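A short worksheet on the structure shown next.
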Amino acid sequence: MMPAVYTFTHNHSDILNALVEVFSIGRGTMREQWTTQAEILVEPVGWDALWKLSKRFCKKFEVRFPCIALISVMSVDFEELTADVDVLSVQHESVSLPERVTNVPLIELWPTVKQREEFVNAEGTAQFIDLMRFFYENIWMPWDDQDNKVLLPKTVEDRMSLWLELHNGSIPNSVARSIIMLRNSAINAHEKLRELDSSLCDGGIADDDDSLLPSNYISQCAVMNANLDSLMPKWSLYEDPLVREHYLALARVKWQENKSKRNVVALWQGGSINEFTNISTCLRAKVSKEQNLMIMVSAEEGLSLDPEEVVFCSSDYEVPEMPFSRISLCTFNGATLRASEMRSCLLMLSEDCRVQDLTLNCALVNTIIVMRAGELLIRNCKLSDDSLNCQSDFAQGIVAMSEAKIIIENCTFENFYSGLVVHEGAQVELRNCEIKRCGVGIQMYSGSHVKLHATAISDCTEQSIRCELGPNADSKTAGMDGLEVASNCKIGAGNLQKEVLIVKQDNIMS
């Protein structure tokens, strides 16, 4: 059980005032401003924290993202805003990290409430890191790191205004997604430049020896820098409040026009004329006269249009990281969806959604589907993890949050640590499904409801079904109240008393 950490709740005006204060004291670059404040407010050594490893560190240590470790800070580099840490323990015992890790960004650290050193000002350190983390996660742009660039308080105010509009619903969803994807594209280009520079350092190549550079290094850097340069003017359309309001006025008119249309997006990467003929026949049968059909190549562009339905017409797609609601995902003739890079989940869904006839791959994500709230129907899908050490990495098939109601029909779950995770208040029904070769087939919590019909759970290394009771549960039989297993199910060896494990814990981590 990981220790509690400091958390802070602020309204947007408090955050804005604190950020403006950081960039109003003295002069210097963005990094120099943070360094000045860190030297005053951050403990230089001897404090404990949870380290939530970034994707970069997860990739470096070959562990699945996300990963959490308890660490002790041995020293802080205030100029780089990083720390050298000793790893005390890892959330999952099967995950192994080095005992000492250097150059961990401070924003990846959450100081713990309980400290081993009595006189450490952990709360003040946590408060400063919390503010800096908000800045880097929501306000910072890669070009802020350019040499001699001074970030003005007015720029911070403008970006904070944009952040607020993105989160209060005043910007149409399709435009908000475009803004978020634009920022993510800039950050991804910046990260790739960092990876290129890091690979040179790891290879021991001197900065002034161009002859030893990899053959494609210069071209790759040129592409990434050109990408960043092209994104800056696009970003300025949104950053400046006056320009943004004019642009959004036009976008709202277009959004209102599209709102009345029931858009269907067919994603097709090209192929033979015979394939196109077959796809056209399929779409004629599927799309009604009231619906507006668009055929596109890019999944990112197609999904950003807020379509009612998406038909995947080629065999393999990388799905962008964005939340979806009121959407139907299906395929023309079988398709596999996967993540383009390491992240938490493949599909984040809410409200009324359908997922049909697809293979959902978990290789680069921790969870395939997170259903936050609303109703979800999953039919004729295969959910799988084809990575080598999937069970030790704690991969999950579907996570049903407290307000979710999910029906799963004719689906297969294979090679997860947890096939399904059902939180308190969630309802999940499985019909004619198979869960096999998982650590735990179904993980359910007090107050959840799971109904199984014509479903088989087999070859689970730990438990077919695990019920965790909250601290106020009266008896171990309480865990069975939310579980219905029809007589036509095959659960492990068949003896439910052995195949269903009921445990009571003082605290349950989500």
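Letters A, B, ... mark the chains of the structure tokens in the order given; residue numbers begin at 1 per chain; ligand numbers begin at 1, in order shown.
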With a distance cut-off of 8 Å and only C-alpha atoms, select the neighbouring residues of stretch 310-316 of chain A, excluding the residue or stretch itself and same-chain residues fewer than 2 positions from it, and output the selection as an MDAnalysis selection string.
chainID A and resid 264:270 279 303 307:308 318 327:338
Could you write those residues out with N, CA and C atoms, as an mmCIF file, in the first residue's frame?
data_model
loop_
_atom_site.group_PDB
_atom_site.id
_atom_site.type_symbol
_atom_site.label_atom_id
_atom_site.label_comp_id
_atom_site.auth_asym_id
_atom_site.auth_seq_id
_atom_site.Cartn_x
_atom_site.Cartn_y
_atom_site.Cartn_z
ATOM 1 N N VAL A 264 -21.218 10.181 -40.301
ATOM 2 C CA VAL A 264 -20.577 8.868 -40.296
ATOM 3 C C VAL A 264 -19.236 9.029 -41.008
ATOM 4 N N VAL A 265 -18.161 8.585 -40.357
ATOM 5 C CA VAL A 265 -16.828 8.664 -40.954
ATOM 6 C C VAL A 265 -16.367 7.255 -41.305
ATOM 7 N N ALA A 266 -16.025 7.052 -42.570
ATOM 8 C CA ALA A 266 -15.423 5.798 -43.007
ATOM 9 C C ALA A 266 -13.928 6.031 -43.181
ATOM 10 N N LEU A 267 -13.125 5.278 -42.464
ATOM 11 C CA LEU A 267 -11.668 5.423 -42.539
ATOM 12 C C LEU A 267 -11.105 4.341 -43.456
ATOM 13 N N TRP A 268 -10.458 4.759 -44.525
ATOM 14 C CA TRP A 268 -9.910 3.808 -45.499
ATOM 15 C C TRP A 268 -8.557 4.324 -45.979
ATOM 16 N N GLN A 269 -7.546 3.450 -45.907
ATOM 17 C CA GLN A 269 -6.185 3.840 -46.263
ATOM 18 C C GLN A 269 -5.849 3.556 -47.724
ATOM 19 N N GLY A 270 -6.853 3.171 -48.510
ATOM 20 C CA GLY A 270 -6.627 2.903 -49.929
ATOM 21 C C GLY A 270 -6.489 1.418 -50.211
ATOM 22 N N ILE A 279 -16.542 -1.996 -50.091
ATOM 23 C CA ILE A 279 -16.744 -1.031 -49.010
ATOM 24 C C ILE A 279 -17.952 -0.152 -49.307
ATOM 25 N N LEU A 303 -11.791 11.183 -36.296
ATOM 26 C CA LEU A 303 -12.366 11.146 -34.959
ATOM 27 C C LEU A 303 -12.538 12.539 -34.367
ATOM 28 N N PRO A 307 -17.900 12.388 -34.909
ATOM 29 C CA PRO A 307 -18.858 11.592 -35.698
ATOM 30 C C PRO A 307 -19.767 10.767 -34.804
ATOM 31 N N GLU A 308 -20.925 10.454 -35.345
ATOM 32 C CA GLU A 308 -21.857 9.564 -34.654
ATOM 33 C C GLU A 308 -21.379 8.115 -34.755
ATOM 34 N N GLU A 318 -4.002 3.203 -35.759
ATOM 35 C CA GLU A 318 -3.526 3.788 -34.509
ATOM 36 C C GLU A 318 -4.536 4.853 -34.082
ATOM 37 N N ILE A 327 -20.604 7.560 -29.330
ATOM 38 C CA ILE A 327 -19.964 7.166 -30.585
ATOM 39 C C ILE A 327 -20.083 5.658 -30.770
ATOM 40 N N SER A 328 -20.174 5.241 -32.037
ATOM 41 C CA SER A 328 -20.179 3.823 -32.385
ATOM 42 C C SER A 328 -18.938 3.538 -33.224
ATOM 43 N N LEU A 329 -18.164 2.531 -32.817
ATOM 44 C CA LEU A 329 -16.959 2.124 -33.540
ATOM 45 C C LEU A 329 -17.191 0.719 -34.080
ATOM 46 N N CYS A 330 -17.036 0.538 -35.393
ATOM 47 C CA CYS A 330 -17.223 -0.772 -35.994
ATOM 48 C C CYS A 330 -16.266 -0.919 -37.175
ATOM 49 N N THR A 331 -16.373 -2.002 -37.893
ATOM 50 C CA THR A 331 -15.423 -2.268 -38.973
ATOM 51 C C THR A 331 -16.141 -2.854 -40.185
ATOM 52 N N PHE A 332 -15.550 -2.645 -41.344
ATOM 53 C CA PHE A 332 -16.084 -3.209 -42.588
ATOM 54 C C PHE A 332 -15.780 -4.703 -42.689
ATOM 55 N N ASN A 333 -14.512 -5.067 -42.428
ATOM 56 C CA ASN A 333 -14.133 -6.464 -42.631
ATOM 57 C C ASN A 333 -13.056 -6.891 -41.632
ATOM 58 N N GLY A 334 -13.174 -6.411 -40.411
ATOM 59 C CA GLY A 334 -12.190 -6.750 -39.391
ATOM 60 C C GLY A 334 -11.074 -5.735 -39.345
ATOM 61 N N ALA A 335 -10.797 -5.162 -38.175
ATOM 62 C CA ALA A 335 -9.726 -4.181 -38.026
ATOM 63 C C ALA A 335 -9.168 -4.264 -36.615
ATOM 64 N N THR A 336 -7.894 -3.940 -36.478
ATOM 65 C CA THR A 336 -7.231 -3.898 -35.178
ATOM 66 C C THR A 336 -6.948 -2.447 -34.813
ATOM 67 N N LEU A 337 -7.336 -2.062 -33.593
ATOM 68 C CA LEU A 337 -7.045 -0.727 -33.081
ATOM 69 C C LEU A 337 -5.944 -0.840 -32.040
ATOM 70 N N ARG A 338 -4.989 0.075 -32.119
ATOM 71 C CA ARG A 338 -3.882 0.093 -31.170
ATOM 72 C C ARG A 338 -3.481 1.531 -30.896
#
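Residues surrounding A:Ser325 within 8 Å are A:Pro323, A:Ile327, A:Leu349, A:Ser350, A:Glu351, A:Asp352, A:Cys353 [only C-alpha atoms; sequence separation below 2 positions excluded].
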Name the residues in contact with A:Asn361 at a cut-off of 12 Å, using only C-alpha atoms, excluding same-chain residues fewer than 3 positions from it; report them as a ChimeraX atom specification.
/A:316-319,335-340,345-347,358,364-369,381-387,390,395-398,413-416
Those same residues - C-alpha atoms - I'd like them written as a tab-separated table (two decimals), in the first residue's frame.
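result-v5.tsv, written as the output of this step:
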chain	number	residue	atom	x	y	z
A	316	ASP	CA	-4.92	-1.69	-38.78
A	317	TYR	CA	-5.31	1.73	-37.13
A	318	GLU	CA	-3.53	3.79	-34.51
A	319	VAL	CA	-6.14	5.57	-32.40
A	335	ALA	CA	-9.73	-4.18	-38.03
A	336	THR	CA	-7.23	-3.90	-35.18
A	337	LEU	CA	-7.05	-0.73	-33.08
A	338	ARG	CA	-3.88	0.09	-31.17
A	339	ALA	CA	-2.18	3.07	-29.54
A	340	SER	CA	0.46	5.00	-31.48
A	345	CYS	CA	-5.65	3.58	-22.07
A	346	LEU	CA	-6.66	2.89	-25.66
A	347	LEU	CA	-10.28	4.15	-25.46
A	358	LEU	CA	-12.89	-5.09	-33.62
A	364	LEU	CA	1.32	0.04	-25.50
A	365	VAL	CA	-1.41	0.83	-22.96
A	366	ASN	CA	-2.20	-0.19	-19.42
A	367	THR	CA	-5.96	-0.53	-20.06
A	368	ILE	CA	-7.89	-1.12	-23.29
A	369	ILE	CA	-11.21	0.54	-22.36
A	381	CYS	CA	-14.55	-8.08	-30.10
A	382	LYS	CA	-11.22	-9.61	-29.15
A	383	LEU	CA	-9.31	-7.82	-26.40
A	384	SER	CA	-5.73	-9.01	-26.09
A	385	ASP	CA	-2.28	-8.19	-24.83
A	386	ASP	CA	0.43	-9.65	-27.05
A	387	SER	CA	3.37	-8.24	-25.06
A	390	CYS	CA	1.68	-8.88	-19.78
A	395	ALA	CA	-2.49	-4.79	-17.90
A	396	GLN	CA	-6.28	-4.53	-17.77
A	397	GLY	CA	-8.95	-5.27	-20.36
A	398	ILE	CA	-11.93	-3.13	-19.36
A	413	PHE	CA	-10.32	-11.42	-23.18
A	414	GLU	CA	-6.85	-12.92	-23.29
A	415	ASN	CA	-3.50	-12.37	-21.55
A	416	PHE	CA	-4.35	-9.63	-19.04
Please provide the set of residues having any atom within 9 Å of A:Arg159, restricted to only C-alpha atoms, with same-chain residues fewer than 5 positions apart removed, written as a count of residues only.
9
Would you compute the distance between atom CA of A:Thr102 and atom CA of A:Ile218? Give it in Å to one decimal.
28.2 Å
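Atom pair atom CA of A:Met30 / atom CA of A:Ile107: separated by 15.2 Å.
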With DSSP run on the backbone, what are the helix (DSSP H, G or I) residues within stretch 117-333 of chain A? I'd like them as a count of residues only.
131
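The nearest approach to A:Leu501 among the residues A:Asn184, A:Asn488, A:Gln443, A:Ser161, with only C-alpha atoms taken into account, belongs to A:Gln443.
The coordinates place atom CA of A:Ala226 at 29.5 Å from atom CA of A:Thr35.
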Could you list, as a PyMOL selection string, every residue within 7 Å of stretch 448-462 of chain A, counting only C-alpha atoms and ignoring same-chain residues fewer than 3 positions away?
chain A and resi 422-441+444-445+482-486+488-492
For the residues in the current selection, export N, CA and C atoms as an mmCIF file, in the first residue's frame.
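Once written, again21.cif looks like this:
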data_model
loop_
_atom_site.group_PDB
_atom_site.id
_atom_site.type_symbol
_atom_site.label_atom_id
_atom_site.label_comp_id
_atom_site.auth_asym_id
_atom_site.auth_seq_id
_atom_site.Cartn_x
_atom_site.Cartn_y
_atom_site.Cartn_z
ATOM 1 N N VAL A 422 -14.309 -3.951 -12.074
ATOM 2 C CA VAL A 422 -15.648 -3.369 -11.918
ATOM 3 C C VAL A 422 -15.712 -2.649 -10.577
ATOM 4 N N HIS A 423 -15.792 -1.305 -10.640
ATOM 5 C CA HIS A 423 -15.774 -0.500 -9.423
ATOM 6 C C HIS A 423 -17.163 -0.382 -8.801
ATOM 7 N N GLU A 424 -17.200 0.088 -7.577
ATOM 8 C CA GLU A 424 -18.447 0.261 -6.838
ATOM 9 C C GLU A 424 -19.452 1.081 -7.650
ATOM 10 N N GLY A 425 -20.671 0.586 -7.755
ATOM 11 C CA GLY A 425 -21.718 1.294 -8.487
ATOM 12 C C GLY A 425 -21.816 0.914 -9.949
ATOM 13 N N ALA A 426 -20.814 0.264 -10.484
ATOM 14 C CA ALA A 426 -20.827 -0.123 -11.906
ATOM 15 C C ALA A 426 -21.604 -1.426 -12.096
ATOM 16 N N GLN A 427 -22.174 -1.597 -13.312
ATOM 17 C CA GLN A 427 -22.899 -2.806 -13.673
ATOM 18 C C GLN A 427 -22.310 -3.370 -14.957
ATOM 19 N N VAL A 428 -21.948 -4.644 -14.934
ATOM 20 C CA VAL A 428 -21.376 -5.296 -16.114
ATOM 21 C C VAL A 428 -22.081 -6.628 -16.332
ATOM 22 N N GLU A 429 -22.507 -6.869 -17.573
ATOM 23 C CA GLU A 429 -23.133 -8.141 -17.932
ATOM 24 C C GLU A 429 -22.361 -8.759 -19.091
ATOM 25 N N LEU A 430 -21.957 -10.025 -18.951
ATOM 26 C CA LEU A 430 -21.248 -10.745 -20.001
ATOM 27 C C LEU A 430 -22.130 -11.865 -20.528
ATOM 28 N N ARG A 431 -22.279 -11.909 -21.870
ATOM 29 C CA ARG A 431 -23.076 -12.939 -22.522
ATOM 30 C C ARG A 431 -22.215 -13.652 -23.555
ATOM 31 N N ASN A 432 -22.076 -14.940 -23.403
ATOM 32 C CA ASN A 432 -21.333 -15.764 -24.354
ATOM 33 C C ASN A 432 -19.912 -15.228 -24.573
ATOM 34 N N CYS A 433 -19.215 -14.969 -23.476
ATOM 35 C CA CYS A 433 -17.843 -14.431 -23.533
ATOM 36 C C CYS A 433 -16.850 -15.452 -22.993
ATOM 37 N N GLU A 434 -15.576 -15.205 -23.288
ATOM 38 C CA GLU A 434 -14.509 -16.069 -22.800
ATOM 39 C C GLU A 434 -13.386 -15.204 -22.240
ATOM 40 N N ILE A 435 -12.968 -15.516 -21.022
ATOM 41 C CA ILE A 435 -11.832 -14.852 -20.388
ATOM 42 C C ILE A 435 -10.798 -15.929 -20.105
ATOM 43 N N LYS A 436 -9.627 -15.808 -20.700
ATOM 44 C CA LYS A 436 -8.647 -16.886 -20.549
ATOM 45 C C LYS A 436 -7.228 -16.343 -20.400
ATOM 46 N N ARG A 437 -6.417 -17.151 -19.718
ATOM 47 C CA ARG A 437 -4.991 -16.847 -19.516
ATOM 48 C C ARG A 437 -4.776 -15.460 -18.943
ATOM 49 N N CYS A 438 -5.555 -15.120 -17.912
ATOM 50 C CA CYS A 438 -5.370 -13.855 -17.191
ATOM 51 C C CYS A 438 -4.859 -14.156 -15.781
ATOM 52 N N GLY A 439 -4.400 -13.124 -15.092
ATOM 53 C CA GLY A 439 -4.058 -13.300 -13.684
ATOM 54 C C GLY A 439 -5.324 -13.433 -12.870
ATOM 55 N N VAL A 440 -6.172 -12.402 -12.951
ATOM 56 C CA VAL A 440 -7.498 -12.410 -12.341
ATOM 57 C C VAL A 440 -8.505 -12.178 -13.462
ATOM 58 N N GLY A 441 -9.482 -13.071 -13.601
ATOM 59 C CA GLY A 441 -10.458 -12.929 -14.679
ATOM 60 C C GLY A 441 -11.299 -11.681 -14.505
ATOM 61 N N MET A 444 -13.789 -7.375 -8.917
ATOM 62 C CA MET A 444 -14.948 -6.542 -8.597
ATOM 63 C C MET A 444 -14.860 -6.040 -7.158
ATOM 64 N N TYR A 445 -15.524 -4.897 -6.927
ATOM 65 C CA TYR A 445 -15.472 -4.254 -5.621
ATOM 66 C C TYR A 445 -16.869 -4.189 -5.004
ATOM 67 N N GLY A 482 -23.430 -9.025 -5.320
ATOM 68 C CA GLY A 482 -23.445 -8.370 -6.615
ATOM 69 C C GLY A 482 -23.032 -9.272 -7.763
ATOM 70 N N LEU A 483 -22.854 -10.562 -7.511
ATOM 71 C CA LEU A 483 -22.388 -11.490 -8.544
ATOM 72 C C LEU A 483 -23.473 -12.507 -8.877
ATOM 73 N N GLU A 484 -23.867 -12.555 -10.159
ATOM 74 C CA GLU A 484 -24.836 -13.545 -10.637
ATOM 75 C C GLU A 484 -24.159 -14.418 -11.691
ATOM 76 N N VAL A 485 -24.140 -15.713 -11.463
ATOM 77 C CA VAL A 485 -23.520 -16.647 -12.394
ATOM 78 C C VAL A 485 -24.573 -17.664 -12.833
ATOM 79 N N ALA A 486 -24.902 -17.629 -14.130
ATOM 80 C CA ALA A 486 -25.905 -18.556 -14.648
ATOM 81 C C ALA A 486 -25.342 -19.980 -14.688
ATOM 82 N N ASN A 488 -25.236 -22.016 -17.049
ATOM 83 C CA ASN A 488 -24.559 -22.372 -18.294
ATOM 84 C C ASN A 488 -23.161 -21.770 -18.404
ATOM 85 N N CYS A 489 -22.632 -21.246 -17.295
ATOM 86 C CA CYS A 489 -21.269 -20.691 -17.271
ATOM 87 C C CYS A 489 -20.273 -21.763 -16.840
ATOM 88 N N LYS A 490 -19.037 -21.612 -17.254
ATOM 89 C CA LYS A 490 -17.948 -22.497 -16.813
ATOM 90 C C LYS A 490 -16.872 -21.600 -16.187
ATOM 91 N N ILE A 491 -16.818 -21.585 -14.853
ATOM 92 C CA ILE A 491 -15.883 -20.724 -14.132
ATOM 93 C C ILE A 491 -14.771 -21.590 -13.571
ATOM 94 N N GLY A 492 -13.583 -21.515 -14.186
ATOM 95 C CA GLY A 492 -12.456 -22.314 -13.739
ATOM 96 C C GLY A 492 -12.790 -23.790 -13.750
#
